[in-house]
Structure formats: structure tokens, C-alpha cells
file my_file-v4.cif (mmCIF, C-alpha atoms)
data_run
loop_
_atom_site.label_atom_id
_atom_site.label_comp_id
_atom_site.auth_asym_id
_atom_site.auth_seq_id
_atom_site.Cartn_x
_atom_site.Cartn_y
_atom_site.Cartn_z
CA MET K 1 7.66 -7.76 2.37
CA ALA K 2 6.22 -11.21 1.81
CA GLY K 3 6.73 -13.30 -1.31
CA MET K 4 9.19 -12.74 -4.14
CA ALA K 5 10.17 -9.11 -3.89
CA THR K 6 12.59 -7.31 -6.22
CA HIS K 7 15.28 -5.16 -4.62
CA VAL K 8 17.63 -2.72 -6.35
CA ILE K 9 20.77 -2.47 -4.20
CA THR K 10 23.85 -0.24 -4.41
CA GLY K 11 26.98 -1.20 -2.49
CA ALA K 12 26.35 -4.96 -2.56
CA GLY K 13 30.04 -5.71 -3.07
CA SER K 14 31.15 -5.22 0.53
CA GLY K 15 30.19 -4.39 4.09
CA ILE K 16 26.55 -3.68 4.94
CA GLY K 17 25.40 -3.92 1.31
CA GLU K 18 26.93 -7.36 0.89
CA ALA K 19 25.34 -8.60 4.13
CA VAL K 20 21.91 -7.31 3.09
CA ALA K 21 22.21 -8.77 -0.41
CA HIS K 22 23.17 -12.20 0.95
CA ARG K 23 20.20 -12.22 3.34
CA LEU K 24 17.70 -11.25 0.63
CA HIS K 25 19.28 -13.66 -1.87
CA ALA K 26 19.13 -16.53 0.63
CA ARG K 27 15.40 -16.11 1.12
CA GLY K 28 14.73 -16.20 -2.62
CA ASP K 29 14.07 -12.54 -3.41
CA ASP K 30 15.04 -11.08 -6.77
CA LEU K 31 18.11 -8.83 -6.72
CA VAL K 32 19.17 -6.10 -9.12
CA LEU K 33 22.70 -5.22 -8.05
CA HIS K 34 24.24 -1.93 -9.05
CA ALA K 35 27.87 -2.02 -10.20
CA ARG K 36 30.18 0.82 -11.20
CA ASP K 37 31.50 -1.03 -14.28
CA ALA K 38 31.15 -4.26 -16.27
CA GLY K 39 33.98 -5.99 -14.40
CA ARG K 40 32.36 -5.33 -11.05
CA ALA K 41 29.00 -6.47 -12.45
CA LYS K 42 30.57 -9.79 -13.44
CA GLU K 43 31.93 -10.29 -9.89
CA LEU K 44 28.52 -9.53 -8.35
CA ALA K 45 26.72 -11.87 -10.76
CA ALA K 46 29.13 -14.66 -9.76
CA ALA K 47 28.68 -13.96 -6.03
CA PHE K 48 24.86 -13.87 -6.27
CA PRO K 49 23.69 -16.51 -8.80
CA GLY K 50 20.50 -15.47 -10.56
CA ALA K 51 20.84 -11.80 -9.65
CA ARG K 52 20.64 -9.15 -12.35
CA THR K 53 23.12 -6.29 -12.55
CA LEU K 54 22.81 -2.63 -13.42
CA VAL K 55 25.93 -0.74 -14.46
CA GLY K 56 26.52 2.97 -13.91
CA ASP K 57 29.13 5.10 -12.15
CA LEU K 58 27.70 6.79 -9.05
CA ALA K 59 30.65 9.20 -9.17
CA ASP K 60 29.24 10.57 -12.45
CA PRO K 61 25.51 11.02 -11.75
CA ASP K 62 25.03 13.14 -14.89
CA ARG K 63 25.65 10.02 -16.99
CA LEU K 64 23.50 7.55 -15.05
CA SER K 65 20.44 8.31 -17.17
CA TRP K 66 22.40 7.61 -20.35
CA ALA K 67 23.89 4.40 -18.89
CA PHE K 68 20.49 3.09 -17.81
CA SER K 69 18.91 3.88 -21.18
CA HIS K 70 21.20 1.22 -22.70
CA GLN K 71 20.17 -1.49 -20.21
CA SER K 72 16.90 -3.16 -19.33
CA LEU K 73 15.56 -1.86 -16.02
CA PRO K 74 13.34 -4.10 -13.89
CA ASP K 75 9.59 -3.67 -14.48
CA ARG K 76 8.88 -4.23 -10.79
CA VAL K 77 10.84 -2.71 -7.89
CA ASP K 78 9.72 -3.35 -4.31
CA SER K 79 12.67 -1.68 -2.64
CA LEU K 80 15.54 0.61 -3.57
CA LEU K 81 18.39 0.24 -1.08
CA HIS K 82 21.02 2.99 -1.18
CA ILE K 83 23.98 1.43 0.63
CA ALA K 84 27.02 2.47 -1.45
CA GLY K 85 29.12 5.34 -0.13
CA VAL K 86 32.57 6.90 -0.15
CA VAL K 87 34.49 8.75 2.53
CA ASP K 88 37.50 11.07 2.28
CA LEU K 89 38.49 12.74 5.52
CA GLY K 90 40.38 15.99 5.93
CA PRO K 91 40.14 19.43 7.51
CA VAL K 92 38.21 22.12 5.67
CA GLY K 93 41.53 23.90 5.15
CA ASP K 94 42.81 20.99 3.05
CA LEU K 95 39.81 19.48 1.24
CA THR K 96 39.68 20.38 -2.45
CA PRO K 97 36.54 20.89 -4.56
CA LYS K 98 37.31 17.50 -6.14
CA ALA K 99 37.08 15.77 -2.74
CA TRP K 100 33.86 17.62 -1.93
CA ARG K 101 32.26 16.85 -5.29
CA HIS K 102 33.21 13.18 -5.25
CA GLN K 103 31.54 12.59 -1.88
CA LEU K 104 28.50 14.72 -2.72
CA ASP K 105 28.07 12.97 -6.08
CA VAL K 106 28.34 9.39 -4.78
CA ASN K 107 26.63 9.87 -1.42
CA LEU K 108 23.87 12.33 -2.34
CA VAL K 109 23.35 13.28 -6.00
CA ALA K 110 23.55 9.70 -7.32
CA PRO K 111 20.99 8.38 -4.77
CA ALA K 112 18.65 11.23 -5.76
CA GLU K 113 19.08 10.36 -9.45
CA LEU K 114 18.59 6.62 -8.87
CA THR K 115 15.46 7.36 -6.86
CA ARG K 116 14.11 9.56 -9.66
CA HIS K 117 14.60 6.69 -12.13
CA PHE K 118 12.84 4.07 -10.04
CA LEU K 119 10.02 6.14 -8.53
CA PRO K 120 7.44 5.03 -11.14
CA GLN K 121 8.08 1.35 -10.27
CA LEU K 122 8.16 2.11 -6.52
CA ARG K 123 4.84 3.94 -6.70
CA ALA K 124 3.28 1.06 -8.62
CA SER K 125 4.41 -1.50 -6.03
CA ARG K 126 3.88 0.80 -3.03
CA GLY K 127 7.52 0.06 -2.36
CA HIS K 128 10.27 1.17 -0.04
CA VAL K 129 13.27 3.48 -0.42
CA LEU K 130 15.94 2.92 2.23
CA PHE K 131 18.99 5.12 2.68
CA VAL K 132 21.95 3.88 4.70
CA ASN K 133 23.06 7.15 6.17
CA SER K 134 25.61 7.53 9.00
CA GLY K 135 26.06 8.97 12.44
CA ALA K 136 27.76 11.74 10.44
CA GLY K 137 24.35 12.54 8.94
CA LEU K 138 23.27 13.76 12.38
CA ALA K 139 26.46 15.42 13.71
CA ALA K 140 29.64 16.62 12.02
CA HIS K 141 33.04 16.31 13.70
CA ALA K 142 36.48 17.66 12.86
CA ASP K 143 37.87 16.32 9.55
CA TRP K 144 34.44 14.98 8.52
CA SER K 145 32.99 18.11 6.88
CA ALA K 146 32.51 16.90 3.28
CA TYR K 147 31.32 13.40 4.19
CA ALA K 148 29.00 14.73 6.89
CA ALA K 149 27.64 17.36 4.50
CA SER K 150 26.81 14.64 1.97
CA LYS K 151 25.07 12.59 4.68
CA HIS K 152 23.21 15.58 6.16
CA GLY K 153 22.03 16.17 2.59
CA LEU K 154 20.98 12.52 2.32
CA LYS K 155 18.80 12.96 5.42
CA ALA K 156 17.17 15.98 3.78
CA LEU K 157 16.58 13.97 0.59
CA ALA K 158 14.94 11.15 2.57
CA ASP K 159 12.78 13.50 4.66
CA ALA K 160 11.53 15.41 1.61
CA LEU K 161 10.93 12.20 -0.35
CA ARG K 162 8.95 10.71 2.55
CA ALA K 163 6.69 13.78 2.67
CA GLU K 164 6.24 13.79 -1.12
CA GLU K 165 5.55 10.08 -1.60
CA HIS K 166 3.58 9.18 1.53
CA GLY K 167 0.31 9.60 -0.34
CA ASN K 168 1.59 7.21 -3.02
CA GLY K 169 2.21 4.51 -0.42
CA VAL K 170 6.03 4.66 -0.77
CA ARG K 171 7.80 4.14 2.55
CA VAL K 172 11.12 5.91 3.18
CA THR K 173 13.64 4.91 5.84
CA SER K 174 16.97 6.40 6.90
CA VAL K 175 19.32 4.13 8.86
CA TYR K 176 22.15 5.80 10.77
CA PRO K 177 24.76 3.16 11.67
CA GLY K 178 27.61 3.97 13.96
CA ARG K 179 31.05 2.66 13.05
CA THR K 180 30.65 -0.69 11.31
CA ALA K 181 33.36 -3.29 10.62
CA SER K 182 33.77 -2.89 6.85
CA PRO K 183 36.38 -1.99 4.20
CA MET K 184 35.21 1.63 4.49
CA GLN K 185 35.94 1.59 8.23
CA LEU K 186 39.44 0.25 7.54
CA LYS K 187 40.02 3.20 5.19
CA VAL K 188 38.73 5.64 7.80
CA HIS K 189 41.14 4.25 10.39
CA GLN K 190 44.01 4.50 7.92
CA GLN K 191 43.11 8.14 7.24
CA GLU K 192 42.88 8.79 10.98
CA GLY K 193 46.21 7.05 11.55
CA LYS K 194 44.62 4.62 14.01
CA GLU K 195 44.88 0.85 14.39
CA TYR K 196 41.81 -0.97 13.08
CA ASP K 197 40.19 -3.65 15.25
CA PRO K 198 36.96 -4.85 13.61
CA ALA K 199 35.83 -6.51 16.86
CA ARG K 200 35.30 -3.05 18.37
CA TRP K 201 32.67 -2.05 15.83
CA ILE K 202 29.21 -3.15 14.67
CA ASP K 203 29.07 -6.33 12.57
CA PRO K 204 27.54 -5.56 9.15
CA GLU K 205 25.15 -8.48 9.79
CA SER K 206 23.65 -6.57 12.72
CA VAL K 207 22.96 -3.54 10.54
CA ALA K 208 21.51 -5.89 7.88
CA THR K 209 19.11 -7.24 10.51
CA THR K 210 17.81 -3.73 11.26
CA ILE K 211 17.41 -3.01 7.52
CA LEU K 212 15.40 -6.19 6.93
CA THR K 213 13.26 -5.38 9.96
CA ALA K 214 12.33 -2.03 8.39
CA LEU K 215 11.67 -3.64 5.00
CA ASP K 216 9.54 -6.45 6.40
CA LEU K 217 7.41 -4.30 8.68
CA PRO K 218 3.66 -4.67 8.01
CA ARG K 219 2.08 -1.98 5.84
CA ASP K 220 0.40 -0.25 8.80
CA ALA K 221 3.75 1.13 9.98
CA GLU K 222 6.89 2.80 8.66
CA VAL K 223 10.31 3.09 10.25
CA SER K 224 11.35 6.62 9.36
CA ASP K 225 14.71 6.97 11.16
CA LEU K 226 16.74 4.26 12.82
CA ARG K 227 19.98 4.81 14.76
CA VAL K 228 22.26 1.78 15.26
CA ARG K 229 25.13 2.23 17.72
CA PRO K 230 28.06 -0.04 18.67
CA GLY K 231 26.92 -2.26 21.54
CA HIS K 232 30.28 -2.37 23.35
#

call {"tool": "encode", "arguments": {"input": "my_file-v4.cif", "output": "C-alpha cells"}}
result
Amino acid sequence: MAGMATHVITGAGSGIGEAVAHRLHARGDDLVLHARDAGRAKELAAAFPGARTLVGDLADPDRLSWAFSHQSLPDRVDSLLHIAGVVDLGPVGDLTPKAWRHQLDVNLVAPAELTRHFLPQLRASRGHVLFVNSGAGLAAHADWSAYAASKHGLKALADALRAEEHGNGVRVTSVYPGRTASPMQLKVHQQEGKEYDPARWIDPESVATTILTALDLPRDAEVSDLRVRPGH
């Protein structure tokens, strides 16, 4: 993706999203950073000088359209990077509809709604939609049912979108990182009752490298699915 590209990014406040945003910002690309509220938007604008922000709560996808109608959306979008996510572990016997809905809304319905909003711009630029999925999007383990269901759904969204938009020149990539050293991973360890040692897991910078590789690939190729596992 040569030249000044414009990227819409969710999850730029921490972990993989923050690493990706810093790399794109450092090379002079234009960033439109999604934030759940005005306070978070202010923090992101301070962390990434010159970046624009877009406010809307991914946990309430029904209201995203209304929220965006009151803000100026970018005219050009070269990539839409879905990196935000939430996780709430628990056995099926304990998880409430609220826990299911929250993860499905943030991890699946909101990405679908954001994609719907930006598809006209992405078609015009022959752009790229990239979903940061999870190993849980390929296999579900005990206590991971709701999160894994949301990520299995995200794979389905990406696969269908790729088939629909291929003729429009829109590339679609799913990245499936294994456990990555991030605030989300700390929360997972707390929920699992395990000690957290970030050195054991993938550095977010390494996942960012794979994401930029997919984005920067020449037009004659498309990375459809990319698994990234801990190297030690």
C-alpha cells in the first residue's frame, strides 16, 4: 500500500491495535482511530498527533449508524482494520445472555456494521478489510464458548465478504494470532486464575508485522488467512 494511505482502525488504544497504529503513523499514513467515547478519542488524538478519531460504542452496534451520522467520515479509506475485541470466559452452564451478547456485539456485529458503513469507500479505493481474529476462531475450548462463537462468526463474515467483494477489488484478510502479550491476555489469565508472564507470549509488534505484510502485499496477491503462533 504505497503512498499516503488512510486506515480506519478499531482497538488502537492497546495491544496489537496500538502496535499497528504506531507503525502506520510512523510511516506517515493517515489514521482514523475508532474510540468508544469522547474521552478515549481525546487520549488517542494525543497519542497519535494528526490522527482523526471516530466515536461510537462497539458494544451498541444498533447506534453506530446514528453516531456516525453526526461525525464527518473520511472520503477515502484504503484499509479497515478490525482489531478491537472483548473476552469473557466461563462455562456454558454459567454464561448469561448478557455475556454472550456483549461478546457477539463487540467482536462480530459491530465489525459487520462498520464494514457496511465503509464499503463504498473501500470499493472506490480497491481497499483492504482486515479482521484480527483468534486461535479461538478456529477451535473452541472449555470456558471459551461465547468468545469462540463470536470469532467463528467473524471468520464467516470475512469469508463471505471476500467472496462478495472480490470482483470489486476489495481484499479481505483474517489474522488468527495465538496468545499475545496484551492487556486482554492479562485479563484472560486473571479469569483463568493463572500467573501472567508476557515473555511467554507473542509480542504485539510481531503480529503488527504480519498485518502490515498483508496490507503491503502487491495487488496481484491476497493473504486470505494467516495463523500466527507463539514461537517458544

call {"tool": "atom_distance", "arguments": {"input": "my_file-v4.cif", "atom1": "atom CA of K:Val172", "atom2": "atom CA of K:Asp37"}}
result
27.7 Å

call {"tool": "resolve_selection", "arguments": {"input": "my_file-v4.cif", "expression": "the PyMOL selection byres ((chain K and resi 32) around 8)", "output": "list in words"}}
result
Thr6, His7, Val8, Ile9, Asp30, Leu31, Leu33, His34, Ala51, Arg52, Thr53, Leu54 and Pro74 of chain K

call {"tool": "resolve_selection", "arguments": {"input": "my_file-v4.cif", "expression": "the PyMOL selection byres ((chain K and resi 19) around 10)", "output": "short mmCIF file (atom, residue, chain, number, x, y, z; two decimals) with C-alpha atoms, in the coordinates of the input"}}
result
data_model
loop_
_atom_site.label_atom_id
_atom_site.label_comp_id
_atom_site.auth_asym_id
_atom_site.auth_seq_id
_atom_site.Cartn_x
_atom_site.Cartn_y
_atom_site.Cartn_z
CA ALA K 12 26.35 -4.96 -2.56
CA GLY K 13 30.04 -5.71 -3.07
CA SER K 14 31.15 -5.22 0.53
CA GLY K 15 30.19 -4.39 4.09
CA ILE K 16 26.55 -3.68 4.94
CA GLY K 17 25.40 -3.92 1.31
CA GLU K 18 26.93 -7.36 0.89
CA VAL K 20 21.91 -7.31 3.09
CA ALA K 21 22.21 -8.77 -0.41
CA HIS K 22 23.17 -12.20 0.95
CA ARG K 23 20.20 -12.22 3.34
CA LEU K 24 17.70 -11.25 0.63
CA HIS K 25 19.28 -13.66 -1.87
CA ASP K 203 29.07 -6.33 12.57
CA PRO K 204 27.54 -5.56 9.15
CA GLU K 205 25.15 -8.48 9.79
CA SER K 206 23.65 -6.57 12.72
CA VAL K 207 22.96 -3.54 10.54
CA ALA K 208 21.51 -5.89 7.88
CA THR K 209 19.11 -7.24 10.51
#

call {"tool": "residues_around", "arguments": {"input": "my_file-v4.cif", "residues": "K:Arg36", "least_positions_apart": "6", "cutoff": "7 Å", "atoms": "only C-alpha atoms", "output": "MDAnalysis selection string"}}
result
chainID K and resid 55:58

call {"tool": "write_last_selection", "arguments": {"input": "my_file-v4.cif", "atoms": "C-alpha atoms", "output": "PDB file, in the frame of the given file"}}
result
ATOM      1  CA  VAL K  55      25.930  -0.740 -14.460  1.00  0.00           C
ATOM      2  CA  GLY K  56      26.520   2.970 -13.910  1.00  0.00           C
ATOM      3  CA  ASP K  57      29.130   5.100 -12.150  1.00  0.00           C
ATOM      4  CA  LEU K  58      27.700   6.790  -9.050  1.00  0.00           C
TER       5      LEU K  58
END

call {"tool": "resolve_selection", "arguments": {"input": "my_file-v4.cif", "expression": "the PyMOL selection byres ((chain K and resi 101) around 12)", "output": "JSON, numbers by chain"}}
result
{"K": [58, 59, 60, 61, 86, 87, 88, 95, 96, 97, 98, 99, 100, 102, 103, 104, 105, 106, 107, 108, 109, 110, 146, 147, 149, 150]}

call {"tool": "residues_near_point", "arguments": {"input": "my_file-v4.cif", "point": "(8.9, 3.6, 9.5)", "cutoff": "9 Å", "atoms": "all atoms listed in the file", "output": "list in words"}}
result
Arg171, Val172, Thr173, Ser174, Ala214, Leu215, Leu217, Ala221, Glu222, Val223, Ser224, Asp225 and Leu226 of chain K

call {"tool": "closest_residue", "arguments": {"input": "my_file-v4.cif", "among": "K:Leu186, K:Leu212, K:Ala140, K:Leu122", "to": "K:Asn168", "atoms": "all atoms listed in the file"}}
result
K:Leu122

call {"tool": "atom_distance", "arguments": {"input": "my_file-v4.cif", "atom1": "atom CA of K:His117", "atom2": "atom CA of K:Ala163"}}
result
18.2 Å

call {"tool": "residues_around", "arguments": {"input": "my_file-v4.cif", "residues": "K:His152", "least_positions_apart": "6", "cutoff": "8 Å", "atoms": "all atoms listed in the file", "output": "list in words"}}
result
Ala136, Gly137 and Leu138 of chain K

call {"tool": "atom_distance", "arguments": {"input": "my_file-v4.cif", "atom1": "atom CA of K:Leu80", "atom2": "atom CA of K:Val129"}}
result
4.8 Å

call {"tool": "closest_residue", "arguments": {"input": "my_file-v4.cif", "among": "K:Gly193, K:Pro49, K:Gly178, K:Gly135", "to": "K:His232", "atoms": "all atoms listed in the file"}}
result
K:Gly178

call {"tool": "closest_residue", "arguments": {"input": "my_file-v4.cif", "among": "K:Gly85, K:Gly50, K:Asp220, K:His166", "to": "K:Val132", "atoms": "only C-alpha atoms"}}
result
K:Gly85

call {"tool": "closest_residue", "arguments": {"input": "my_file-v4.cif", "among": "K:Leu89, K:Leu157, K:Ala38, K:Val228", "to": "K:Glu192", "atoms": "all atoms listed in the file"}}
result
K:Leu89

call {"tool": "decode", "arguments": {"input": "my_file-v4.cif", "residues": "stretch 142-153 of chain K", "atoms": "N, CA, C and O atoms", "output": "CSV table (one decimal), in the first residue's frame"}}
result
chain,number,residue,atom,x,y,z
K,142,ALA,N,-12.9,-25.5,26.3
K,142,ALA,CA,-13.7,-25.3,27.5
K,142,ALA,C,-13.6,-23.9,28.1
K,142,ALA,O,-12.5,-23.3,28.1
K,143,ASP,N,-14.7,-23.3,28.5
K,143,ASP,CA,-14.8,-22.0,29.0
K,143,ASP,C,-14.7,-20.8,28.0
K,143,ASP,O,-14.8,-19.7,28.3
K,144,TRP,N,-14.5,-21.2,26.7
K,144,TRP,CA,-14.3,-20.2,25.7
K,144,TRP,C,-15.5,-20.1,24.7
K,144,TRP,O,-15.4,-19.5,23.6
K,145,SER,N,-16.6,-20.7,25.1
K,145,SER,CA,-17.7,-20.8,24.1
K,145,SER,C,-18.2,-19.5,23.5
K,145,SER,O,-18.3,-19.4,22.2
K,146,ALA,N,-18.5,-18.5,24.3
K,146,ALA,CA,-19.1,-17.3,23.7
K,146,ALA,C,-18.0,-16.5,22.9
K,146,ALA,O,-18.3,-16.1,21.8
K,147,TYR,N,-16.8,-16.4,23.4
K,147,TYR,CA,-15.8,-15.7,22.7
K,147,TYR,C,-15.5,-16.5,21.4
K,147,TYR,O,-15.4,-15.8,20.3
K,148,ALA,N,-15.3,-17.8,21.5
K,148,ALA,CA,-15.0,-18.6,20.3
K,148,ALA,C,-16.2,-18.5,19.3
K,148,ALA,O,-15.9,-18.4,18.1
K,149,ALA,N,-17.4,-18.5,19.7
K,149,ALA,CA,-18.5,-18.3,18.8
K,149,ALA,C,-18.5,-17.0,18.1
K,149,ALA,O,-18.7,-16.9,16.9
K,150,SER,N,-18.1,-15.9,18.8
K,150,SER,CA,-18.0,-14.6,18.2
K,150,SER,C,-16.9,-14.6,17.1
K,150,SER,O,-17.0,-14.0,16.0
K,151,LYS,N,-15.8,-15.3,17.4
K,151,LYS,CA,-14.7,-15.3,16.5
K,151,LYS,C,-14.9,-16.3,15.3
K,151,LYS,O,-14.4,-16.1,14.2
K,152,HIS,N,-15.6,-17.4,15.6
K,152,HIS,CA,-16.0,-18.3,14.5
K,152,HIS,C,-16.9,-17.5,13.5
K,152,HIS,O,-16.8,-17.6,12.3
K,153,GLY,N,-17.8,-16.7,14.1
K,153,GLY,CA,-18.7,-15.9,13.3
K,153,GLY,C,-17.9,-14.9,12.5
K,153,GLY,O,-18.3,-14.6,11.4
